[in-house]
Amino acid sequence: MTETLFLTSDDVDGLATPSEFVDAVRDAYRERGNGAPAEPRTKLTNADPPGFFTTYAALLPETGTMGGYMYSAGFGAKDAWFMTPLFDAESGEPLALVDGASMNPFKTGAAGAVAADELAREDATSAAIIGSGPQARGQLRALATVRDLETVWVFSPTKEHRESFAGEMDRRLDASVAAVASAAAAIEDADVVVTATSASEPVFDGDALEPGTHVTAMGQYDPEKRELDARTIERATYVPDLRERAFQDAGSFLHALEEGVVDEDHVHGELGDVVAGNVPGRQSDDEITLFDSGGTGIETVAGATLLYEKARQGGLGQTIDFSPGSEALTGE
């Protein structure tokens, strides 16, 4: 038997700051750039009731942990549940089982912020947020830790949602945050554009992006999802979280390949390659850069490790027992 810490979403809610998530995720992507193993998601779909079950994993030797996500979405309840098993990377023993609900927007937002820190202009002060759900909140709060934002424009299709989001973020951040009536209005003059949607069709016109813009797209995890048009992909220095995932389920990139506006060499490098210095980040003030974030075990393990360590220090959670596989072979 080994004692494993079980952490509920309430246990870890607010336990780490957005800045701490960003630092942990940056270190994890640096490990990935130095060779840490990570696999893109596997996705099992169900027709009736409609839903999907997803897993992905990473091993971070320097951090000393490994694990990933297992989550379901849709099905009869039409909701999502996120479970994060965390293991010791030396002994292999389970360290924690984390309810990932409250962690999810922060660890994903942290990946976007790490990319923005590497790829956005140093003098970026304005941002456009397309979307107004939990993921948009996580993206904006994390982005505000790596750039001194002065102005943020928010668009989502439901007026009440975008205005509520803007009011909340205007109170929380130092930046001025306002809702606008269209995606086109949001991205006009924005230094950083973040899409946090479940859109199946492009949410803005790629020709409208100003030179020097950085784009983070985080709804790119299904071949049929297409937040960005082919023109955006074509114009941008394209950096995915994992190269393999770009050819598996990065919908906007796959559509651009099908349309023939880019080829496989359009992938500049993984985010980990940029963070580790294996490939350059932004190379000019006029360059358009793009981070394609579909979700990986890299930021998930980094975020869960951060929360596990803080929970242990704070005496949070409860322990559960796990038996090693050898006990099943004793015949007793």
# chains A, B, ... in the order shown; residues from 1 in each chain; ligands from 1
call {"tool": "select_by_dssp", "arguments": {"residues": "region 42-269 of chain A", "states": "helix (DSSP H, G or I)", "output": "VMD selection string"}}
result
chain A and resid 104 to 119 134 to 143 159 to 172 183 to 187 206 to 208 230 to 235 243 to 246 251 to 259 264 to 266
call {"tool": "select_by_dssp", "arguments": {"residues": "region 85-315 of chain A", "states": "strand (DSSP E or B)", "output": "count of residues only"}}
result
41
call {"tool": "closest_residue", "arguments": {"among": "A:Thr305, A:Ser284, A:Ser156, A:Thr2", "to": "Ser91 (chain A)", "atoms": "only C-alpha atoms"}}
result
A:Thr2
call {"tool": "residues_around", "arguments": {"residues": "Thr237 (chain A)", "least_positions_apart": "3", "cutoff": "7 Å", "atoms": "only C-alpha atoms", "output": "MDAnalysis selection string"}}
result
chainID A and resid 268 288:290
call {"tool": "write_last_selection", "arguments": {"atoms": "C-alpha atoms", "output": "PDB file, in the first residue's frame"}}
result
ATOM      1  CA  HIS A 268       8.138  26.523 -36.922  1.00  0.00           C
ATOM      2  CA  ILE A 288       2.641  37.615 -36.947  1.00  0.00           C
ATOM      3  CA  THR A 289       3.051  34.712 -34.514  1.00  0.00           C
ATOM      4  CA  LEU A 290       0.598  31.976 -33.587  1.00  0.00           C
TER       5      LEU A 290
END
call {"tool": "closest_residue", "arguments": {"among": "A:Gly219, A:Ala128, A:Ala73, A:Val152", "to": "Ala183 (chain A)", "atoms": "only C-alpha atoms"}}
result
A:Ala128
call {"tool": "residues_around", "arguments": {"residues": "Glu39 (chain A)", "least_positions_apart": "6", "cutoff": "10 Å", "atoms": "only C-alpha atoms", "output": "list in words"}}
result
Thr55, Tyr56, Ala57, Ala58, Leu59, Gly68, Leu242, Glu244, Arg245, Thr296, Gly297 and Ile298 of chain A
call {"tool": "write_last_selection", "arguments": {"atoms": "N, CA and C atoms", "output": "PDB file, in the first residue's frame"}}
result
ATOM      1  N   THR A  55      -7.812  11.357 -23.101  1.00  0.00           N
ATOM      2  CA  THR A  55      -6.651  11.200 -22.217  1.00  0.00           C
ATOM      3  C   THR A  55      -5.427  11.800 -22.894  1.00  0.00           C
ATOM      4  N   TYR A  56      -4.516  12.319 -22.084  1.00  0.00           N
ATOM      5  CA  TYR A  56      -3.171  12.657 -22.568  1.00  0.00           C
ATOM      6  C   TYR A  56      -2.208  12.678 -21.394  1.00  0.00           C
ATOM      7  N   ALA A  57      -0.899  12.551 -21.697  1.00  0.00           N
ATOM      8  CA  ALA A  57       0.083  12.314 -20.638  1.00  0.00           C
ATOM      9  C   ALA A  57       1.415  12.968 -20.946  1.00  0.00           C
ATOM     10  N   ALA A  58       2.202  13.161 -19.886  1.00  0.00           N
ATOM     11  CA  ALA A  58       3.566  13.670 -20.009  1.00  0.00           C
ATOM     12  C   ALA A  58       4.390  13.174 -18.835  1.00  0.00           C
ATOM     13  N   LEU A  59       5.688  13.071 -19.053  1.00  0.00           N
ATOM     14  CA  LEU A  59       6.652  12.702 -18.024  1.00  0.00           C
ATOM     15  C   LEU A  59       7.683  13.815 -17.940  1.00  0.00           C
ATOM     16  N   GLY A  68      -1.172  13.027 -16.215  1.00  0.00           N
ATOM     17  CA  GLY A  68      -1.907  13.614 -17.319  1.00  0.00           C
ATOM     18  C   GLY A  68      -3.355  13.825 -16.957  1.00  0.00           C
ATOM     19  N   LEU A 242       2.423  20.661 -29.360  1.00  0.00           N
ATOM     20  CA  LEU A 242       3.126  19.450 -29.767  1.00  0.00           C
ATOM     21  C   LEU A 242       3.055  19.330 -31.283  1.00  0.00           C
ATOM     22  N   GLU A 244       3.292  16.714 -33.180  1.00  0.00           N
ATOM     23  CA  GLU A 244       2.467  15.583 -33.599  1.00  0.00           C
ATOM     24  C   GLU A 244       0.989  15.940 -33.561  1.00  0.00           C
ATOM     25  N   ARG A 245       0.584  16.734 -32.573  1.00  0.00           N
ATOM     26  CA  ARG A 245      -0.817  17.105 -32.458  1.00  0.00           C
ATOM     27  C   ARG A 245      -1.266  17.988 -33.620  1.00  0.00           C
ATOM     28  N   THR A 296      -2.223  19.653 -23.487  1.00  0.00           N
ATOM     29  CA  THR A 296      -1.277  18.543 -23.375  1.00  0.00           C
ATOM     30  C   THR A 296      -1.096  18.158 -21.909  1.00  0.00           C
ATOM     31  N   GLY A 297      -0.436  17.029 -21.709  1.00  0.00           N
ATOM     32  CA  GLY A 297      -0.073  16.623 -20.366  1.00  0.00           C
ATOM     33  C   GLY A 297       1.020  17.478 -19.771  1.00  0.00           C
ATOM     34  N   ILE A 298       1.710  18.263 -20.585  1.00  0.00           N
ATOM     35  CA  ILE A 298       2.828  19.071 -20.093  1.00  0.00           C
ATOM     36  C   ILE A 298       2.346  20.081 -19.070  1.00  0.00           C
TER      37      ILE A 298
END
call {"tool": "residues_around", "arguments": {"residues": "region 160-165 of chain A", "least_positions_apart": "3", "cutoff": "6 Å", "atoms": "only C-alpha atoms", "output": "ChimeraX atom specification"}}
result
/A:132,155-156,168,179
call {"tool": "write_last_selection", "arguments": {"atoms": "C-alpha atoms", "output": "PDB file, in the first residue's frame"}}
result
ATOM      1  CA  SER A 132     -16.156  34.755 -22.362  1.00  0.00           C
ATOM      2  CA  PHE A 155     -16.235  39.687 -27.795  1.00  0.00           C
ATOM      3  CA  SER A 156     -18.500  36.681 -27.542  1.00  0.00           C
ATOM      4  CA  GLU A 168     -15.440  41.172 -13.883  1.00  0.00           C
ATOM      5  CA  ALA A 179     -16.961  44.494 -24.364  1.00  0.00           C
TER       6      ALA A 179
END
call {"tool": "closest_residue", "arguments": {"among": "A:Val12, A:Ala208, A:Met103, A:Val215", "to": "Gly303 (chain A)", "atoms": "only C-alpha atoms"}}
result
A:Met103
call {"tool": "residues_around", "arguments": {"residues": "region 115-122 of chain A", "least_positions_apart": "4", "cutoff": "9 Å", "atoms": "only C-alpha atoms", "output": "ChimeraX atom specification"}}
result
/A:26,110-111,143,146-147,191-192,212-216,239,271,274-275,281-285,288-291
call {"tool": "decode", "arguments": {"residues": "region 115-203 of chain A", "atoms": "C-alpha atoms", "output": "compact mmCIF listing (two decimals), in the first residue's frame"}}
result
# COMPACT_ATOMS: atom_id res chain seq x y z
CA ALA A 115 3.70 31.30 -25.53
CA ALA A 116 2.80 35.00 -25.46
CA ASP A 117 5.88 35.73 -23.38
CA GLU A 118 8.03 34.03 -26.01
CA LEU A 119 6.21 35.17 -29.15
CA ALA A 120 4.39 38.46 -28.50
CA ARG A 121 6.17 41.79 -28.86
CA GLU A 122 7.81 42.99 -25.66
CA ASP A 123 5.87 46.26 -25.89
CA ALA A 124 2.46 44.59 -26.31
CA THR A 125 -0.12 46.44 -24.20
CA SER A 126 -3.48 45.63 -25.83
CA ALA A 127 -5.35 42.36 -26.18
CA ALA A 128 -8.47 40.95 -27.79
CA ILE A 129 -10.28 38.06 -26.14
CA ILE A 130 -12.73 36.10 -28.28
CA GLY A 131 -14.83 34.09 -25.85
CA SER A 132 -16.16 34.75 -22.36
CA GLY A 133 -16.14 31.41 -20.56
CA PRO A 134 -13.81 29.97 -17.91
CA GLN A 135 -11.04 29.33 -20.46
CA ALA A 136 -11.15 32.97 -21.60
CA ARG A 137 -10.84 34.05 -17.97
CA GLY A 138 -7.85 31.80 -17.42
CA GLN A 139 -6.16 33.00 -20.60
CA LEU A 140 -6.57 36.69 -19.78
CA ARG A 141 -5.52 36.42 -16.14
CA ALA A 142 -2.39 34.50 -17.14
CA LEU A 143 -1.60 36.85 -20.04
CA ALA A 144 -1.73 39.79 -17.65
CA THR A 145 1.20 38.28 -15.70
CA VAL A 146 3.59 38.40 -18.69
CA ARG A 147 2.61 41.68 -20.37
CA ASP A 148 1.61 45.05 -18.93
CA LEU A 149 -1.83 45.21 -20.48
CA GLU A 150 -3.51 48.59 -20.72
CA THR A 151 -6.53 47.81 -22.89
CA VAL A 152 -8.52 44.60 -23.47
CA TRP A 153 -11.45 44.21 -25.84
CA VAL A 154 -13.80 41.26 -25.38
CA PHE A 155 -16.24 39.69 -27.79
CA SER A 156 -18.50 36.68 -27.54
CA PRO A 157 -21.83 36.18 -29.34
CA THR A 158 -24.03 36.67 -26.26
CA LYS A 159 -24.07 40.31 -25.21
CA GLU A 160 -24.80 39.59 -21.55
CA HIS A 161 -21.90 37.14 -21.33
CA ARG A 162 -19.29 39.45 -22.86
CA GLU A 163 -20.43 42.40 -20.76
CA SER A 164 -20.36 40.35 -17.56
CA PHE A 165 -16.89 39.04 -18.44
CA ALA A 166 -15.61 42.54 -19.21
CA GLY A 167 -16.99 43.94 -15.96
CA GLU A 168 -15.44 41.17 -13.88
CA MET A 169 -12.03 41.42 -15.55
CA ASP A 170 -12.07 45.23 -15.47
CA ARG A 171 -12.42 45.04 -11.69
CA ARG A 172 -9.81 42.29 -11.30
CA LEU A 173 -7.05 43.59 -13.61
CA ASP A 174 -5.18 46.88 -13.86
CA ALA A 175 -6.09 47.04 -17.56
CA SER A 176 -9.21 48.69 -18.95
CA VAL A 177 -11.46 45.84 -20.13
CA ALA A 178 -14.48 46.54 -22.35
CA ALA A 179 -16.96 44.49 -24.36
CA VAL A 180 -17.34 45.16 -28.09
CA ALA A 181 -20.00 44.15 -30.59
CA SER A 182 -17.90 42.04 -32.99
CA ALA A 183 -14.71 40.01 -33.28
CA ALA A 184 -13.53 42.44 -35.96
CA ALA A 185 -13.81 45.32 -33.49
CA ALA A 186 -11.99 43.32 -30.81
CA ILE A 187 -8.93 42.47 -32.90
CA GLU A 188 -8.53 45.95 -34.41
CA ASP A 189 -5.21 47.34 -33.15
CA ALA A 190 -4.80 44.44 -30.68
CA ASP A 191 -1.21 43.39 -29.99
CA VAL A 192 -2.33 39.97 -28.71
CA VAL A 193 -5.42 38.06 -29.86
CA VAL A 194 -6.71 35.11 -27.84
CA THR A 195 -9.45 32.79 -29.09
CA ALA A 196 -11.08 30.67 -26.40
CA THR A 197 -14.11 29.22 -28.14
CA SER A 198 -15.66 25.98 -29.35
CA ALA A 199 -16.19 27.41 -32.83
CA SER A 200 -16.38 25.21 -35.90
CA GLU A 201 -15.90 28.17 -38.24
CA PRO A 202 -13.27 30.95 -38.14
CA VAL A 203 -14.06 33.69 -35.65
